[in-house]
>>> print(open('query-v6.txt').read())   # compact mmCIF, C-alpha atoms and all ligand atoms
# COMPACT_ATOMS: atom_id res chain seq x y z
CA MET A 6 70.65 123.75 105.90
CA GLU A 7 73.44 126.21 106.48
CA LEU A 8 75.01 128.14 103.60
CA ILE A 9 78.59 129.31 104.01
CA GLU A 10 81.24 131.13 102.03
CA SER A 11 84.23 128.82 101.88
CA ARG A 12 87.84 129.89 101.32
CA SER A 13 88.88 126.86 99.28
CA ILE A 14 87.24 124.04 97.37
CA PHE A 15 90.22 121.78 96.65
CA SER A 16 92.11 120.37 99.64
CA PRO A 17 95.32 118.34 99.65
CA ALA A 18 94.40 114.66 99.88
CA THR A 19 95.19 112.82 103.10
CA GLY A 20 94.84 109.31 104.51
CA PHE A 21 93.74 106.46 102.27
CA ILE A 22 92.80 108.89 99.50
CA ARG A 23 96.38 110.17 99.40
CA ARG A 24 97.81 106.67 99.69
CA GLY A 25 95.65 105.66 96.72
CA GLY A 26 97.37 108.25 94.55
CA PHE A 27 95.05 111.26 94.70
CA GLU A 28 96.50 114.73 95.16
CA TRP A 29 93.27 116.58 95.92
CA THR A 30 89.86 116.11 97.44
CA CYS A 31 86.82 118.23 96.65
CA ASN A 32 83.83 118.47 99.00
CA PRO A 33 81.01 120.82 97.94
CA TYR A 34 79.19 120.09 101.20
CA VAL A 35 80.00 119.40 104.83
CA GLY A 36 77.78 116.77 106.40
CA CYS A 37 75.59 114.35 104.49
CA THR A 38 71.85 113.86 104.75
CA PHE A 39 72.09 110.28 103.53
CA GLY A 40 73.23 109.64 107.11
CA CYS A 41 74.49 106.07 106.70
CA ALA A 42 74.81 104.28 110.05
CA TYR A 43 78.37 103.20 109.31
CA CYS A 44 79.72 106.47 107.89
CA TYR A 45 83.30 107.14 108.95
CA ALA A 46 82.92 110.83 108.05
CA ALA A 47 80.67 111.25 111.09
CA PHE A 48 83.75 110.83 113.29
CA LEU A 49 86.09 113.20 111.46
CA PRO A 50 87.26 116.29 113.33
CA GLN A 51 86.12 118.73 110.62
CA ASN A 52 82.54 117.80 111.48
CA ARG A 53 82.08 119.80 114.61
CA ARG A 54 78.75 118.29 115.54
CA PRO A 55 78.38 115.10 117.60
CA PRO A 56 78.40 111.84 115.60
CA ALA A 57 74.90 111.14 116.96
CA GLU A 58 73.61 114.06 114.85
CA TRP A 59 75.19 112.76 111.63
CA GLY A 60 72.71 112.77 108.77
CA LYS A 61 70.54 115.51 110.32
CA TRP A 62 72.47 118.54 109.14
CA ILE A 63 74.23 119.83 106.08
CA THR A 64 76.36 122.83 105.25
CA ALA A 65 76.64 123.91 101.64
CA LYS A 66 79.59 125.89 100.29
CA LYS A 67 77.48 128.32 98.31
CA ASN A 68 80.49 129.78 96.48
CA ALA A 69 81.78 126.31 95.48
CA ALA A 70 81.46 126.81 91.73
CA GLU A 71 82.98 130.28 91.83
CA LEU A 72 85.90 128.98 93.91
CA ALA A 73 86.36 126.11 91.49
CA ARG A 74 86.54 128.54 88.57
CA LYS A 75 89.28 130.48 90.36
CA GLN A 76 91.22 127.48 91.70
CA ALA A 77 90.79 124.77 89.04
CA ARG A 78 94.09 125.61 87.38
CA LYS A 79 96.02 124.30 90.39
CA VAL A 80 94.52 120.79 89.98
CA ALA A 81 94.93 120.63 86.20
CA GLY A 82 95.94 117.15 85.09
CA GLN A 83 96.14 115.97 88.72
CA CYS A 84 94.15 113.32 90.54
CA VAL A 85 91.04 114.66 92.26
CA TYR A 86 88.63 112.69 94.46
CA MET A 87 85.12 114.05 94.83
CA SER A 88 84.08 113.60 97.57
CA SER A 89 85.87 112.28 100.64
CA VAL A 90 83.67 113.47 103.54
CA THR A 91 80.27 114.01 101.96
CA ASP A 92 78.21 112.76 99.02
CA PRO A 93 78.35 115.14 96.05
CA TYR A 94 74.93 113.94 94.85
CA GLN A 95 72.80 114.09 97.97
CA PRO A 96 69.29 115.55 97.67
CA VAL A 97 70.17 119.21 98.11
CA GLU A 98 72.42 119.04 95.05
CA ARG A 99 69.30 118.77 92.89
CA SER A 100 68.52 122.45 93.48
CA LEU A 101 71.89 123.93 94.50
CA MET A 102 73.89 122.30 91.69
CA LEU A 103 77.21 122.98 93.41
CA THR A 104 78.72 119.70 92.23
CA ARG A 105 77.61 120.41 88.69
CA GLY A 106 79.11 123.89 88.87
CA ILE A 107 82.44 122.47 90.03
CA LEU A 108 82.44 119.92 87.22
CA GLU A 109 81.80 122.65 84.66
CA SER A 110 84.69 124.66 86.09
CA LEU A 111 87.01 121.67 85.99
CA THR A 112 86.52 120.49 82.44
CA PRO A 113 88.87 123.05 80.81
CA HIS A 114 91.64 121.84 83.13
CA GLN A 115 91.10 118.09 82.73
CA PRO A 116 92.02 116.65 86.12
CA ARG A 117 91.97 112.89 86.53
CA LEU A 118 88.69 112.77 88.33
CA THR A 119 86.97 110.19 90.51
CA VAL A 120 83.39 110.92 91.53
CA GLN A 121 82.23 108.82 94.50
CA THR A 122 78.51 108.67 95.24
CA ARG A 123 75.41 106.80 96.29
CA GLY A 124 73.21 109.31 94.51
CA PRO A 125 71.54 108.42 91.19
CA LEU A 126 71.35 112.17 90.61
CA VAL A 127 74.85 111.77 89.16
CA ALA A 128 73.16 110.69 85.92
CA ARG A 129 71.80 114.23 85.55
CA ASP A 130 75.35 115.43 84.86
CA ILE A 131 76.28 112.91 82.18
CA ASP A 132 76.53 115.73 79.66
CA VAL A 133 79.30 117.40 81.71
CA LEU A 134 80.95 114.18 82.87
CA LYS A 135 81.43 113.14 79.26
CA ASP A 136 83.75 116.12 78.80
CA PHE A 137 86.38 114.61 81.11
CA ARG A 138 89.01 112.54 79.34
CA SER A 139 90.11 110.76 82.54
CA LEU A 140 87.15 109.94 84.73
CA ARG A 141 85.68 107.18 86.82
CA VAL A 142 82.33 107.40 88.58
CA ASN A 143 82.28 105.08 91.59
CA VAL A 144 78.80 104.16 92.72
CA SER A 145 78.32 102.55 96.13
CA VAL A 146 76.10 99.48 96.07
CA PRO A 147 76.92 97.83 99.39
CA THR A 148 74.36 95.02 99.31
CA ASP A 149 71.79 93.28 97.12
CA SER A 150 69.08 93.63 99.74
CA GLU A 151 66.68 96.55 100.08
CA ARG A 152 65.84 95.29 103.58
CA VAL A 153 69.50 95.55 104.60
CA ARG A 154 69.91 98.87 102.80
CA ARG A 155 66.98 100.32 104.73
CA MET A 156 68.51 99.16 108.01
CA PHE A 157 71.94 100.69 107.43
CA GLU A 158 71.25 103.63 105.13
CA PRO A 159 67.50 104.36 105.29
CA LYS A 160 67.83 107.87 103.84
CA ALA A 161 70.02 106.87 100.92
CA PRO A 162 68.49 106.07 97.52
CA PRO A 163 67.06 102.62 96.79
CA LEU A 164 69.52 100.20 95.22
CA GLU A 165 67.66 99.86 91.95
CA THR A 166 67.88 103.58 91.30
CA ARG A 167 71.66 103.31 91.63
CA TRP A 168 71.77 100.41 89.18
CA GLU A 169 69.72 102.47 86.74
CA ALA A 170 72.10 105.44 87.08
CA MET A 171 75.07 103.13 86.56
CA ARG A 172 73.48 101.78 83.41
CA GLN A 173 72.92 105.29 82.06
CA LEU A 174 76.51 106.29 82.84
CA LYS A 175 77.88 103.20 81.19
CA ASP A 176 75.67 103.61 78.14
CA ALA A 177 77.13 107.14 77.84
CA GLY A 178 80.62 105.67 77.68
CA ILE A 179 81.63 106.66 81.21
CA ALA A 180 83.79 104.27 83.26
CA VAL A 181 81.80 103.09 86.27
CA GLY A 182 83.31 101.52 89.37
CA VAL A 183 81.10 99.60 91.77
CA CYS A 184 81.93 99.91 95.44
CA VAL A 185 80.37 97.16 97.52
CA THR A 186 81.68 99.16 100.44
CA PRO A 187 81.41 98.61 103.22
CA THR A 188 80.13 95.20 102.23
CA LEU A 189 76.83 94.89 104.07
CA PRO A 190 75.09 91.56 104.60
CA VAL A 191 74.24 90.02 101.23
CA GLU A 192 71.04 88.00 100.85
CA ASN A 193 71.83 86.09 97.66
CA PRO A 194 75.59 86.07 97.05
CA ASN A 195 75.40 84.09 93.81
CA ALA A 196 72.79 86.25 92.15
CA PHE A 197 74.53 89.44 93.31
CA ALA A 198 77.86 88.18 92.01
CA GLU A 199 76.31 87.33 88.65
CA ARG A 200 74.70 90.74 88.38
CA LEU A 201 77.98 92.47 89.16
CA ALA A 202 79.83 90.30 86.65
CA ASP A 203 77.22 91.03 83.97
CA PHE A 204 77.61 94.75 84.58
CA ALA A 205 81.39 94.43 84.22
CA PRO A 206 82.43 97.50 86.25
CA ALA A 207 85.69 99.25 85.50
CA VAL A 208 86.70 98.53 89.10
CA LEU A 209 84.99 96.35 91.70
CA VAL A 210 85.74 97.07 95.36
CA CYS A 211 84.73 95.29 98.55
CA GLN A 212 85.42 96.26 102.13
CA ASP A 213 85.11 94.13 105.19
CA PHE A 214 82.75 95.68 107.69
CA HIS A 215 84.67 95.91 110.92
CA ASP A 216 85.93 98.17 113.64
CA ALA A 217 89.04 99.60 112.02
CA SER A 218 90.17 101.54 115.11
CA GLY A 219 90.20 104.86 113.31
CA ARG A 220 91.83 103.68 110.10
CA PHE A 221 90.05 103.04 106.77
CA GLY A 222 86.37 103.58 106.07
CA ALA A 223 84.47 100.85 107.84
CA ASP A 224 85.33 102.17 111.25
CA THR A 225 81.71 101.93 112.17
CA GLY A 226 79.52 103.45 114.76
CA ALA A 227 77.93 101.40 117.51
CA GLU A 228 74.55 101.37 115.75
CA ALA A 229 76.00 99.80 112.62
CA ARG A 230 77.80 97.14 114.65
CA ARG A 231 74.58 96.39 116.50
CA LEU A 232 72.72 95.92 113.19
CA LEU A 233 75.44 93.66 111.91
CA ALA A 234 75.20 91.47 114.98
CA GLU A 235 71.40 91.42 114.68
CA ILE A 236 71.61 90.09 111.13
CA GLY A 237 74.41 87.68 111.98
CA TRP A 238 76.86 88.58 109.21
CA GLY A 239 80.52 88.15 109.96
CA LEU A 240 83.99 87.97 108.49
CA ALA A 241 83.52 84.38 107.24
CA ASP A 242 80.43 85.44 105.25
CA TYR A 243 82.34 88.36 103.79
CA ARG A 244 85.26 86.15 102.73
CA ARG A 245 82.93 83.62 101.10
CA PHE A 246 81.26 86.41 99.14
CA VAL A 247 84.55 87.92 97.97
CA ASP A 248 85.82 84.47 96.96
CA ARG A 249 82.65 84.02 94.91
CA LEU A 250 83.18 87.40 93.23
CA LYS A 251 86.78 86.51 92.41
CA ARG A 252 85.60 83.60 90.27
CA ASP A 253 84.42 86.20 87.75
CA GLY A 254 87.27 88.71 87.82
CA THR A 255 89.42 91.08 89.80
CA VAL A 256 88.15 92.28 93.16
CA TYR A 257 89.98 95.03 95.00
CA GLU A 258 89.61 95.18 98.75
CA ALA A 259 89.46 98.26 100.94
CA GLU A 260 92.09 100.92 100.24
CA ALA A 261 93.50 98.97 97.32
CA GLY A 262 90.38 99.79 95.29
CA PHE A 263 90.57 103.56 95.60
CA PHE A 264 92.95 104.74 92.92
CA PRO A 265 92.60 107.30 90.14
CA PRO A 266 91.36 106.49 86.65
CA PRO A 267 93.97 105.91 83.96
CA ALA A 268 95.49 109.00 82.45
CA ALA A 269 93.81 110.13 79.27
CA ALA A 270 95.19 109.16 75.91
CA PRO A 271 97.27 111.95 74.39
CA VAL A 272 95.41 114.40 72.22
CA VAL A 273 96.58 114.01 68.64
CA GLY A 274 99.06 116.74 67.86
CA ALA A 275 99.79 117.50 71.50
CA GLY A 276 103.16 116.88 73.16
CA ALA A 277 104.17 113.54 74.63
CA ALA A 278 101.77 112.17 77.24
CA THR A 279 101.58 108.90 79.03
CA LEU A 280 98.91 106.29 78.48
CA PHE A 281 97.47 104.54 81.54
CA ASP A 282 99.94 106.05 83.92
CA ASP A 283 98.29 105.98 87.33
CA CYS A 284 99.31 108.53 89.92
CA ALA A 285 99.55 105.74 92.47
S1 LIG B 1 76.58 108.71 101.52
FE1 LIG B 1 78.75 108.57 102.07
S2 LIG B 1 79.22 110.51 103.13
FE2 LIG B 1 77.00 110.27 103.09
S3 LIG B 1 76.47 109.31 105.03
FE3 LIG B 1 76.67 107.67 103.50
S4 LIG B 1 78.80 106.97 103.64
FE4 LIG B 1 78.67 108.98 104.69
>>> encode(input="query-v6.txt", output="structure tokens")
Amino acid sequence: MELIESRSIFSPATGFIRRGGFEWTCNPYVGCTFGCAYCYAAFLPQNRRPPAEWGKWITAKKNAAELARKQARKVAGQCVYMSSVTDPYQPVERSLMLTRGILESLTPHQPRLTVQTRGPLVARDIDVLKDFRSLRVNVSVPTDSERVRRMFEPKAPPLETRWEAMRQLKDAGIAVGVCVTPTLPVENPNAFAERLADFAPAVLVCQDFHDASGRFGADTGAEARRLLAEIGWGLADYRRFVDRLKRDGTVYEAEAGFFPPPAAAPVVGAGAATLFDDCA
């Protein structure tokens, strides 16, 4: 692992994050040791290493919390997405606690925050997350199958640990979105749909797994496409699954599902504020 001094911790949002209504992104790390086979971040220009090495390296912004303390004022009340090119709760966060430090620095300034992760470690920070008045934690659960998960994201946490973290977050009163993104092959669509419906996420997102020619997230590497072909999952299977999910409620697809949480209710006694006024 490389430790660096970074100059900034909040960057102007671009691409689908910007189109979704976010003003800022926040990435405590560069690189991601979860190393998912389909990760679009592996192909981004800010990652100077070859895509083939994705998942094998990580750079930590060791001054992330200090920077956040100095720069949090500029994102006050605005829509922040954490994280767009890394996972804020990958294993190294357990000891470095950069994500936690950023959260602690942000709470006095109350941005409208979305935390995006595959890491159950997010549950560690429930005490800080509860201090945000406008927050959604999006947890990625791209399949119901541990076999499939191990094929596409062998270094990411087991699915059940993510479900357990989601339960803890929800029990703490935190809005939880479930991102079935990119939607990997599903073994039992009915049972998965029922489980998702029972959980009743704040937002449910699916994403077709395809070659997006450099656009949104599922612009996959060759290895992921090879695995997909090996399993024999295609667009028709995806559509059938999404149609099944839609019997139980709203399903957002791709970019449409990545938008900020509703604005916080006004604090009693404070000046006029807007209820449920999305940035988007
Ligand atoms: S967890 Fe997210 S950032 Fe990390 S490798 Fe997987 S898709 Fe990429």
>>> residues_around(input="query-v6.txt", residues="Ala81 (chain A)", least_positions_apart="4", cutoff="7 Å", atoms="only C-alpha atoms", output="NGL selection string")
:A and (77 or 114-116)
>>> residues_around(input="query-v6.txt", residues="Pro163 (chain A)", least_positions_apart="3", cutoff="12 Å", atoms="all atoms listed in the file", output="JSON list (two decimals) with C-alpha atoms, keeping the file's coordinate frame")
[["chain", "number", "residue", "atom", "x", "y", "z"],
["A", 39, "PHE", "CA", 72.09, 110.28, 103.53],
["A", 123, "ARG", "CA", 75.41, 106.80, 96.29],
["A", 124, "GLY", "CA", 73.21, 109.31, 94.51],
["A", 125, "PRO", "CA", 71.54, 108.42, 91.19],
["A", 145, "SER", "CA", 78.32, 102.55, 96.13],
["A", 146, "VAL", "CA", 76.10, 99.48, 96.07],
["A", 147, "PRO", "CA", 76.92, 97.83, 99.39],
["A", 148, "THR", "CA", 74.36, 95.02, 99.31],
["A", 149, "ASP", "CA", 71.79, 93.28, 97.12],
["A", 150, "SER", "CA", 69.08, 93.63, 99.74],
["A", 151, "GLU", "CA", 66.68, 96.55, 100.08],
["A", 152, "ARG", "CA", 65.84, 95.29, 103.58],
["A", 153, "VAL", "CA", 69.50, 95.55, 104.60],
["A", 154, "ARG", "CA", 69.91, 98.87, 102.80],
["A", 155, "ARG", "CA", 66.98, 100.32, 104.73],
["A", 156, "MET", "CA", 68.51, 99.16, 108.01],
["A", 157, "PHE", "CA", 71.94, 100.69, 107.43],
["A", 158, "GLU", "CA", 71.25, 103.63, 105.13],
["A", 159, "PRO", "CA", 67.50, 104.36, 105.29],
["A", 160, "LYS", "CA", 67.83, 107.87, 103.84],
["A", 166, "THR", "CA", 67.88, 103.58, 91.30],
["A", 167, "ARG", "CA", 71.66, 103.31, 91.63],
["A", 168, "TRP", "CA", 71.77, 100.41, 89.18],
["A", 169, "GLU", "CA", 69.72, 102.47, 86.74],
["A", 170, "ALA", "CA", 72.10, 105.44, 87.08]]
>>> closest_atom_pairs(input="query-v6.txt", of="chain A", to="ligand LIG 1 (chain B)", cutoff="9 Å", atoms="all atoms listed in the file", output="JSON lines")
{"residue": "A:Gly36", "atom": "CA", "partner": "B:LIG1", "partner_atom": "S2", "distance": 7.2}
{"residue": "A:Cys37", "atom": "CA", "partner": "B:LIG1", "partner_atom": "FE2", "distance": 4.5}
{"residue": "A:Thr38", "atom": "CA", "partner": "B:LIG1", "partner_atom": "S3", "distance": 6.5}
{"residue": "A:Phe39", "atom": "CA", "partner": "B:LIG1", "partner_atom": "S3", "distance": 4.7}
{"residue": "A:Gly40", "atom": "CA", "partner": "B:LIG1", "partner_atom": "S3", "distance": 3.9}
{"residue": "A:Cys41", "atom": "CA", "partner": "B:LIG1", "partner_atom": "S3", "distance": 4.1}
{"residue": "A:Ala42", "atom": "CA", "partner": "B:LIG1", "partner_atom": "S3", "distance": 7.3}
{"residue": "A:Tyr43", "atom": "CA", "partner": "B:LIG1", "partner_atom": "S4", "distance": 6.8}
{"residue": "A:Cys44", "atom": "CA", "partner": "B:LIG1", "partner_atom": "FE4", "distance": 4.2}
{"residue": "A:Tyr45", "atom": "CA", "partner": "B:LIG1", "partner_atom": "FE4", "distance": 6.6}
{"residue": "A:Ala46", "atom": "CA", "partner": "B:LIG1", "partner_atom": "FE4", "distance": 5.7}
{"residue": "A:Ala47", "atom": "CA", "partner": "B:LIG1", "partner_atom": "FE4", "distance": 7.1}
{"residue": "A:Trp59", "atom": "CA", "partner": "B:LIG1", "partner_atom": "S3", "distance": 7.6}
{"residue": "A:Gly60", "atom": "CA", "partner": "B:LIG1", "partner_atom": "S3", "distance": 6.3}
{"residue": "A:Ser88", "atom": "CA", "partner": "B:LIG1", "partner_atom": "S2", "distance": 8.0}
{"residue": "A:Ser89", "atom": "CA", "partner": "B:LIG1", "partner_atom": "S2", "distance": 7.3}
{"residue": "A:Val90", "atom": "CA", "partner": "B:LIG1", "partner_atom": "S2", "distance": 5.4}
{"residue": "A:Thr91", "atom": "CA", "partner": "B:LIG1", "partner_atom": "S2", "distance": 3.8}
{"residue": "A:Asp92", "atom": "CA", "partner": "B:LIG1", "partner_atom": "S2", "distance": 4.8}
{"residue": "A:Pro93", "atom": "CA", "partner": "B:LIG1", "partner_atom": "S2", "distance": 8.5}
{"residue": "A:Tyr94", "atom": "CA", "partner": "B:LIG1", "partner_atom": "S1", "distance": 8.6}
{"residue": "A:Gln95", "atom": "CA", "partner": "B:LIG1", "partner_atom": "S1", "distance": 7.5}
{"residue": "A:Gln121", "atom": "CA", "partner": "B:LIG1", "partner_atom": "FE1", "distance": 8.3}
{"residue": "A:Thr122", "atom": "CA", "partner": "B:LIG1", "partner_atom": "S1", "distance": 6.6}
{"residue": "A:Arg123", "atom": "CA", "partner": "B:LIG1", "partner_atom": "S1", "distance": 5.7}
{"residue": "A:Gly124", "atom": "CA", "partner": "B:LIG1", "partner_atom": "S1", "distance": 7.8}
{"residue": "A:Ser145", "atom": "CA", "partner": "B:LIG1", "partner_atom": "S1", "distance": 8.4}
{"residue": "A:Glu158", "atom": "CA", "partner": "B:LIG1", "partner_atom": "FE3", "distance": 7.0}
{"residue": "A:Lys160", "atom": "CA", "partner": "B:LIG1", "partner_atom": "S3", "distance": 8.8}
{"residue": "A:Ala161", "atom": "CA", "partner": "B:LIG1", "partner_atom": "S1", "distance": 6.8}
{"residue": "A:Thr186", "atom": "CA", "partner": "B:LIG1", "partner_atom": "S4", "distance": 8.9}
{"residue": "A:Pro187", "atom": "CA", "partner": "B:LIG1", "partner_atom": "S4", "distance": 8.8}
{"residue": "A:Gly222", "atom": "CA", "partner": "B:LIG1", "partner_atom": "S4", "distance": 8.6}
>>> closest_residue(input="query-v6.txt", among="A:Val120, A:Glu165, A:Asp253, A:Ala18", to="Pro266 (chain A)", atoms="only C-alpha atoms")
A:Val120
>>> closest_residue(input="query-v6.txt", among="A:Ser100, A:Thr64, A:Ser11, A:Asn143", to="Met171 (chain A)", atoms="only C-alpha atoms")
A:Asn143
>>> closest_residue(input="query-v6.txt", among="A:Arg245, A:Arg117, A:Lys61, A:Arg141", to="Val35 (chain A)", atoms="only C-alpha atoms")
A:Lys61
>>> closest_residue(input="query-v6.txt", among="A:Gly82, A:Pro96, A:Gly178, A:Pro17", to="Ala65 (chain A)", atoms="all atoms listed in the file")
A:Pro96
>>> atom_distance(input="query-v6.txt", atom1="CA of Leu134 (chain A)", atom2="CA of Val181 (chain A)")
11.6 Å
>>> closest_residue(input="query-v6.txt", among="A:Ala261, A:Leu164, A:Ile179, A:Leu101", to="Val133 (chain A)", atoms="all atoms listed in the file")
A:Ile179
>>> residues_near_point(input="query-v6.txt", point="(92.8, 113.1, 101.1)", cutoff="12 Å", atoms="all atoms listed in the file", output="list in words")
Phe15, Ser16, Pro17, Ala18, Thr19, Gly20, Phe21, Ile22, Arg23, Arg24, Gly25, Gly26, Phe27, Glu28, Trp29, Thr30, Cys31, Asn32, Cys84, Val85, Tyr86, Met87, Ser88, Ser89, Val90, Phe221, Phe263 and Phe264 of chain A
>>> atom_distance(input="query-v6.txt", atom1="CA of Tyr34 (chain A)", atom2="CA of Ala207 (chain A)")
26.9 Å
>>> decode(input="query-v6.txt", residues="region 222-249 of chain A", atoms="N, CA and C atoms", output="compact mmCIF listing (two decimals), in the first residue's frame")
# COMPACT_ATOMS: atom_id res chain seq x y z
N GLY A 222 -21.31 2.57 -15.85
CA GLY A 222 -20.58 1.59 -15.08
C GLY A 222 -20.30 0.20 -15.60
N ALA A 223 -21.22 -0.44 -16.29
CA ALA A 223 -20.96 -1.83 -16.63
C ALA A 223 -20.17 -1.97 -17.92
N ASP A 224 -19.25 -1.06 -18.11
CA ASP A 224 -18.36 -1.16 -19.27
C ASP A 224 -17.26 -2.13 -18.87
N THR A 225 -17.49 -3.40 -19.09
CA THR A 225 -16.74 -4.41 -18.39
C THR A 225 -15.44 -4.79 -19.08
N GLY A 226 -14.59 -5.37 -18.31
CA GLY A 226 -13.37 -5.91 -18.86
C GLY A 226 -13.64 -7.25 -19.54
N ALA A 227 -12.64 -7.69 -20.30
CA ALA A 227 -12.80 -8.92 -21.07
C ALA A 227 -13.07 -10.12 -20.17
N GLU A 228 -12.43 -10.15 -18.98
CA GLU A 228 -12.60 -11.28 -18.09
C GLU A 228 -14.06 -11.40 -17.62
N ALA A 229 -14.66 -10.26 -17.31
CA ALA A 229 -16.05 -10.29 -16.86
C ALA A 229 -16.96 -10.76 -17.99
N ARG A 230 -16.69 -10.31 -19.19
CA ARG A 230 -17.54 -10.74 -20.32
C ARG A 230 -17.37 -12.24 -20.58
N ARG A 231 -16.15 -12.72 -20.38
CA ARG A 231 -15.92 -14.15 -20.57
C ARG A 231 -16.71 -14.96 -19.53
N LEU A 232 -16.71 -14.48 -18.28
CA LEU A 232 -17.45 -15.19 -17.22
C LEU A 232 -18.95 -15.19 -17.51
N LEU A 233 -19.42 -14.07 -18.01
CA LEU A 233 -20.84 -13.95 -18.33
C LEU A 233 -21.23 -14.97 -19.40
N ALA A 234 -20.40 -15.07 -20.41
CA ALA A 234 -20.67 -16.02 -21.49
C ALA A 234 -20.61 -17.45 -20.96
N GLU A 235 -19.67 -17.69 -20.04
CA GLU A 235 -19.52 -19.05 -19.48
C GLU A 235 -20.78 -19.46 -18.73
N ILE A 236 -21.38 -18.51 -18.01
CA ILE A 236 -22.58 -18.83 -17.24
C ILE A 236 -23.81 -18.86 -18.15
N GLY A 237 -23.77 -18.07 -19.21
CA GLY A 237 -24.90 -18.08 -20.14
C GLY A 237 -26.03 -17.16 -19.70
N TRP A 238 -25.67 -16.00 -19.17
CA TRP A 238 -26.65 -15.00 -18.74
C TRP A 238 -26.64 -13.87 -19.76
N GLY A 239 -27.81 -13.49 -20.20
CA GLY A 239 -27.86 -12.45 -21.23
C GLY A 239 -28.93 -11.41 -20.94
N LEU A 240 -29.13 -10.55 -21.91
CA LEU A 240 -30.06 -9.43 -21.75
C LEU A 240 -31.49 -9.91 -21.45
N ALA A 241 -31.90 -10.99 -22.10
CA ALA A 241 -33.27 -11.49 -21.87
C ALA A 241 -33.45 -11.93 -20.42
N ASP A 242 -32.41 -12.55 -19.85
CA ASP A 242 -32.49 -12.97 -18.44
C ASP A 242 -32.58 -11.74 -17.53
N TYR A 243 -31.78 -10.75 -17.86
CA TYR A 243 -31.81 -9.51 -17.07
C TYR A 243 -33.19 -8.89 -17.10
N ARG A 244 -33.78 -8.80 -18.30
CA ARG A 244 -35.09 -8.14 -18.43
C ARG A 244 -36.15 -8.91 -17.65
N ARG A 245 -36.09 -10.25 -17.72
CA ARG A 245 -37.07 -11.05 -16.98
C ARG A 245 -36.94 -10.79 -15.48
N PHE A 246 -35.70 -10.68 -15.01
CA PHE A 246 -35.49 -10.44 -13.58
C PHE A 246 -36.02 -9.07 -13.17
N VAL A 247 -35.72 -8.05 -13.97
CA VAL A 247 -36.19 -6.70 -13.62
C VAL A 247 -37.73 -6.66 -13.67
N ASP A 248 -38.31 -7.31 -14.66
CA ASP A 248 -39.79 -7.35 -14.72
C ASP A 248 -40.34 -8.01 -13.46
N ARG A 249 -39.67 -9.05 -12.99
CA ARG A 249 -40.14 -9.71 -11.75
C ARG A 249 -40.02 -8.75 -10.56
